[in-house]
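Colleague: Attaching a single structure in structure tokens format; questions to follow.
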Amino acid sequence: ANQPPPGFRHLPGYLNLEAQKALLDEIRTIVAAAPLYQPAMPRTGKPLSVRMTNCGSLGWVTDREHGYRYQPRHPLTNEPWPPIPQRLLNLWNTLADYPHEPEACLINFYSADAKMGLHQDKDEADLDAPVLSVSLGDTCLFRIGGTTREAGTGSFKLASGDVVVLGGTSRLAFHGVDRIYPGTSTLLKNGGRVNLTLRRVMKG
Ligand code: MD3
Ligand code: FE
């Protein structure tokens with residue numbers, strides 16, 4: 001089986017249930033101020049099945065007209081994104097081994113039928129910084145390959161409380177979410193999956 005690229009760290013169950021609940025409460029407050037919206041692909045305008053919002057001084061957005069980018073305000077409310085919760089900054093400082101804090105936390109919400117196609121994350125100016133991912137709610141099947149589309153891929157499950165650190169070569173690996181397993185967690189009252197990714201955007 002294909003192994004994940006160097007610099008990839010999966011920490012299953014890193015956050016206990018209490019920590020997951022506390023984090024989810026903070027995410028609910030953020031979503032109340034910065035509502036989830038349905039992003040669209042550049043040029044085609046095809047909607048992503050994942051709904052998104054952000055916290056931090058910058059947020060990742062996409063729409064048909066302007067494509068993938070980071071911007072300081074919510075595309076619908078035009079308000080600044082809420083700040084990144086301190087408990088997420090603490091997680092970054094504990095695990096990222098990087099001398100600059102993240103400016104962006106992308107919040108992805110997956111309903112039972114949502115998925116994310118294989119892609120690379122390259123919209124950040126600082127590609128030396130790792131990306132730190134936190135999963136909450138239903139389990140998903142996550143896929144990761146190499147730094148070209150041609151390289152083989154491997155898949156494994158990400159469950160609620162799992163943390164993944166994508167550093168080194170894995171930072172530019174193709175990756176995606178093949179499927180959600182509904183009913184695998186009771187953390188979210190109406191089911192689904194939340195993924196948080198902490199990102200350093202500007203060069204330190
Ligand atoms: C590997 N999110 O938001 S998290 C994304 O579960 C994204 O919502 C997925 O891919 C999700 O861009 C995967 C794990 C992850 C996050 C960022 C990465 C893996 C990554 C960046 C580079 C390589
Ligand atoms: Fe990604």
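Each chain of the structure tokens is named A, B, ... in the order shown, its residues numbered from 1; ligands are numbered from 1 in display order.
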Let me see if you get this right: every residue at most 7 Å from ligand 2, counting only C-alpha atoms and all ligand atoms, written as JSON, numbers by chain.
Modeller: {"A": [119, 120, 121, 175, 176]}
Colleague: Create the file for the chosen residues now, containing N, CA and C atoms and written as a PDB file, in the first residue's frame.
Modeller:
ATOM      1  N   HIS A 119      -6.849  17.548  -4.756  1.00  0.00           N
ATOM      2  CA  HIS A 119      -6.305  18.875  -5.072  1.00  0.00           C
ATOM      3  C   HIS A 119      -5.024  19.100  -4.274  1.00  0.00           C
ATOM      4  N   GLN A 120      -4.297  20.156  -4.650  1.00  0.00           N
ATOM      5  CA  GLN A 120      -3.159  20.640  -3.865  1.00  0.00           C
ATOM      6  C   GLN A 120      -3.542  21.976  -3.249  1.00  0.00           C
ATOM      7  N   ASP A 121      -2.981  22.292  -2.092  1.00  0.00           N
ATOM      8  CA  ASP A 121      -3.174  23.604  -1.466  1.00  0.00           C
ATOM      9  C   ASP A 121      -1.938  24.440  -1.772  1.00  0.00           C
ATOM     10  N   HIS A 175      -4.563  15.642  -2.254  1.00  0.00           N
ATOM     11  CA  HIS A 175      -5.385  15.048  -1.200  1.00  0.00           C
ATOM     12  C   HIS A 175      -6.840  15.419  -1.405  1.00  0.00           C
ATOM     13  N   GLY A 176      -7.725  14.663  -0.788  1.00  0.00           N
ATOM     14  CA  GLY A 176      -9.153  14.945  -0.894  1.00  0.00           C
ATOM     15  C   GLY A 176      -9.941  14.093   0.085  1.00  0.00           C
TER      16      GLY A 176
END
Colleague: Neighbours of A:Ser185 within 9 Å (only C-alpha atoms; same-chain residues fewer than 3 positions away dropped), as a list in words?
Modeller: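 Here the qualifying residues turn out to be Leu136, Gly137, Asp138, Thr139, Ala159, Ser160, Pro182, Leu188, Gly191, Gly192 and Arg193 of chain A.
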Colleague: Excluding same-chain residues fewer than 2 positions from stretch 34-36 of chain A, what lies within 7 Å of it counting only C-alpha atoms, as a PDB file with N, CA and C atoms, in the first residue's frame?
Modeller:
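Saved file out_27.pdb follows:
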ATOM      1  N   ILE A  30     -18.405  31.269  16.018  1.00  0.00           N
ATOM      2  CA  ILE A  30     -17.820  31.840  14.798  1.00  0.00           C
ATOM      3  C   ILE A  30     -18.814  31.779  13.640  1.00  0.00           C
ATOM      4  N   VAL A  31     -19.474  30.623  13.484  1.00  0.00           N
ATOM      5  CA  VAL A  31     -20.412  30.451  12.361  1.00  0.00           C
ATOM      6  C   VAL A  31     -21.636  31.359  12.521  1.00  0.00           C
ATOM      7  N   ALA A  32     -22.001  31.662  13.764  1.00  0.00           N
ATOM      8  CA  ALA A  32     -23.119  32.593  13.988  1.00  0.00           C
ATOM      9  C   ALA A  32     -22.771  33.982  13.462  1.00  0.00           C
ATOM     10  N   GLN A  38     -21.780  28.651   0.365  1.00  0.00           N
ATOM     11  CA  GLN A  38     -21.420  27.634  -0.621  1.00  0.00           C
ATOM     12  C   GLN A  38     -20.467  28.226  -1.647  1.00  0.00           C
ATOM     13  N   ARG A  51     -19.630  23.280   2.437  1.00  0.00           N
ATOM     14  CA  ARG A  51     -19.855  24.688   2.798  1.00  0.00           C
ATOM     15  C   ARG A  51     -18.697  25.164   3.668  1.00  0.00           C
ATOM     16  N   MET A  52     -18.412  26.462   3.605  1.00  0.00           N
ATOM     17  CA  MET A  52     -17.194  26.986   4.241  1.00  0.00           C
ATOM     18  C   MET A  52     -17.422  28.316   4.946  1.00  0.00           C
ATOM     19  N   THR A  53     -16.573  28.564   5.935  1.00  0.00           N
ATOM     20  CA  THR A  53     -16.354  29.906   6.452  1.00  0.00           C
ATOM     21  C   THR A  53     -14.927  29.918   7.003  1.00  0.00           C
ATOM     22  N   HIS A  74     -15.531  38.405   5.047  1.00  0.00           N
ATOM     23  CA  HIS A  74     -16.503  37.399   4.606  1.00  0.00           C
ATOM     24  C   HIS A  74     -17.143  37.853   3.283  1.00  0.00           C
ATOM     25  N   TRP A  81     -13.347  38.522   9.310  1.00  0.00           N
ATOM     26  CA  TRP A  81     -13.519  37.194   9.910  1.00  0.00           C
ATOM     27  C   TRP A  81     -13.321  37.286  11.424  1.00  0.00           C
TER      28      TRP A  81
END
Colleague: Can you tell me how far atom CA of A:Arg64 sits from atom CA of A:Tyr110, in Å to one decimal?
Modeller: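 Rounded to one decimal, the two atoms are 20.8 Å apart.
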Colleague: Closest to A:Val201 among A:Pro102, A:Pro5, A:Pro72, A:Gly67, using only C-alpha atoms?
Modeller: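 Checking each candidate against A:Val201, we get A:Pro102 as the closest.
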Colleague: Write out as an NGL selection string the residues lying within 12 Å of A:Arg199, counting only C-alpha atoms and excluding same-chain residues fewer than 5 positions away.
Modeller: :A and (54-60 or 70 or 84 or 88-89 or 92 or 96 or 98 or 100-107 or 121-134 or 165-167 or 171)
Colleague: With N, CA and C atoms retained, export the selected residues as a compact mmCIF listing (two decimals), in the first residue's frame.
Modeller:
# COMPACT_ATOMS: atom_id res chain seq x y z
N ASN A 54 -14.53 30.99 7.66
CA ASN A 54 -13.15 31.10 8.17
C ASN A 54 -13.15 31.89 9.46
N CYS A 55 -12.05 31.75 10.20
CA CYS A 55 -11.69 32.73 11.21
C CYS A 55 -10.21 33.07 11.01
N GLY A 56 -9.81 34.21 11.58
CA GLY A 56 -8.44 34.68 11.39
C GLY A 56 -8.42 35.99 10.62
N SER A 57 -7.25 36.59 10.49
CA SER A 57 -7.14 37.87 9.78
C SER A 57 -7.32 37.68 8.27
N LEU A 58 -7.13 36.46 7.79
CA LEU A 58 -7.37 36.13 6.38
C LEU A 58 -8.22 34.87 6.30
N GLY A 59 -9.05 34.78 5.27
CA GLY A 59 -9.84 33.58 5.04
C GLY A 59 -9.74 33.15 3.59
N TRP A 60 -9.80 31.83 3.37
CA TRP A 60 -9.74 31.30 2.01
C TRP A 60 -11.15 31.29 1.43
N TYR A 70 -7.13 34.40 -0.72
CA TYR A 70 -7.31 34.77 0.69
C TYR A 70 -7.76 36.23 0.75
N ILE A 84 -9.16 33.75 15.40
CA ILE A 84 -8.89 32.33 15.64
C ILE A 84 -8.92 32.09 17.15
N LEU A 88 -7.01 26.97 19.47
CA LEU A 88 -6.44 26.52 18.19
C LEU A 88 -5.02 27.05 18.01
N LEU A 89 -4.80 28.29 18.43
CA LEU A 89 -3.43 28.83 18.36
C LEU A 89 -2.50 28.02 19.27
N TRP A 92 -1.58 24.84 17.48
CA TRP A 92 -0.54 25.16 16.47
C TRP A 92 0.83 25.28 17.15
N ALA A 96 2.93 22.47 15.47
CA ALA A 96 3.34 22.85 14.11
C ALA A 96 4.86 22.97 13.95
N TYR A 98 6.71 25.61 13.99
CA TYR A 98 6.91 26.68 13.00
C TYR A 98 6.91 28.01 13.73
N HIS A 100 6.02 31.05 13.10
CA HIS A 100 5.02 32.09 12.83
C HIS A 100 3.63 31.52 13.02
N GLU A 101 2.73 32.37 13.54
CA GLU A 101 1.37 31.89 13.80
C GLU A 101 0.55 31.88 12.51
N PRO A 102 -0.50 31.06 12.48
CA PRO A 102 -1.37 31.02 11.30
C PRO A 102 -2.24 32.28 11.26
N GLU A 103 -2.48 32.81 10.05
CA GLU A 103 -3.43 33.92 9.89
C GLU A 103 -4.82 33.42 9.55
N ALA A 104 -4.90 32.18 9.05
CA ALA A 104 -6.17 31.68 8.52
C ALA A 104 -6.56 30.36 9.15
N CYS A 105 -7.84 30.22 9.45
CA CYS A 105 -8.41 28.92 9.80
C CYS A 105 -9.63 28.72 8.93
N LEU A 106 -9.52 27.83 7.95
CA LEU A 106 -10.64 27.47 7.08
C LEU A 106 -11.51 26.45 7.79
N ILE A 107 -12.80 26.70 7.81
CA ILE A 107 -13.78 25.82 8.45
C ILE A 107 -14.62 25.20 7.35
N ASP A 121 -2.98 22.29 -2.09
CA ASP A 121 -3.17 23.60 -1.47
C ASP A 121 -1.94 24.44 -1.77
N LYS A 122 -2.10 25.42 -2.66
CA LYS A 122 -0.95 26.22 -3.11
C LYS A 122 -1.25 27.70 -3.13
N ASP A 123 -2.32 28.12 -2.49
CA ASP A 123 -2.71 29.53 -2.53
C ASP A 123 -2.02 30.36 -1.47
N GLU A 124 -1.19 29.71 -0.63
CA GLU A 124 -0.49 30.41 0.44
C GLU A 124 0.88 30.86 -0.09
N ALA A 125 1.30 32.05 0.29
CA ALA A 125 2.63 32.53 -0.11
C ALA A 125 3.72 31.74 0.62
N ASP A 126 3.44 31.35 1.85
CA ASP A 126 4.40 30.58 2.65
C ASP A 126 4.09 29.09 2.55
N LEU A 127 4.79 28.40 1.65
CA LEU A 127 4.56 26.95 1.50
C LEU A 127 5.52 26.14 2.37
N ASP A 128 6.37 26.83 3.14
CA ASP A 128 7.23 26.13 4.10
C ASP A 128 6.48 25.80 5.38
N ALA A 129 5.45 26.58 5.68
CA ALA A 129 4.68 26.33 6.90
C ALA A 129 3.83 25.07 6.72
N PRO A 130 3.67 24.29 7.78
CA PRO A 130 2.76 23.15 7.70
C PRO A 130 1.31 23.62 7.68
N VAL A 131 0.40 22.72 7.34
CA VAL A 131 -1.03 22.92 7.56
C VAL A 131 -1.42 21.97 8.68
N LEU A 132 -2.25 22.46 9.61
CA LEU A 132 -2.70 21.62 10.73
C LEU A 132 -4.20 21.45 10.61
N SER A 133 -4.65 20.19 10.58
CA SER A 133 -6.07 19.87 10.39
C SER A 133 -6.65 19.22 11.63
N VAL A 134 -7.88 19.64 11.99
CA VAL A 134 -8.63 19.04 13.09
C VAL A 134 -9.97 18.55 12.55
N VAL A 165 -0.96 16.82 10.88
CA VAL A 165 0.00 17.88 10.56
C VAL A 165 0.62 17.54 9.21
N LEU A 166 0.50 18.48 8.26
CA LEU A 166 1.00 18.30 6.91
C LEU A 166 2.20 19.20 6.74
N GLY A 167 3.36 18.64 6.97
CA GLY A 167 4.59 19.40 6.83
C GLY A 167 5.46 18.78 5.74
N ARG A 171 3.16 18.66 2.47
CA ARG A 171 2.48 19.96 2.33
C ARG A 171 1.97 20.18 0.91
Colleague: Apply DSSP to the structure's backbone, then extract all residues of stretch 44-195 of chain A labelled strand (DSSP E) and return them as a ChimeraX atom specification.
Modeller: /A:51-56,59-61,69-71,104-110,116-119,131-137,140-144,154-158,163-166,175-180,193-195
Colleague: Env of A:Thr62: 6 Å cut, atoms = only C-alpha atoms, seq-sep filter 2 positions within chain, self excluded. Answer as a list in words.
Modeller: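 So, after excluding close chain neighbours, the residues are Pro39, Ala40, Gly67 and Tyr68 of chain A.
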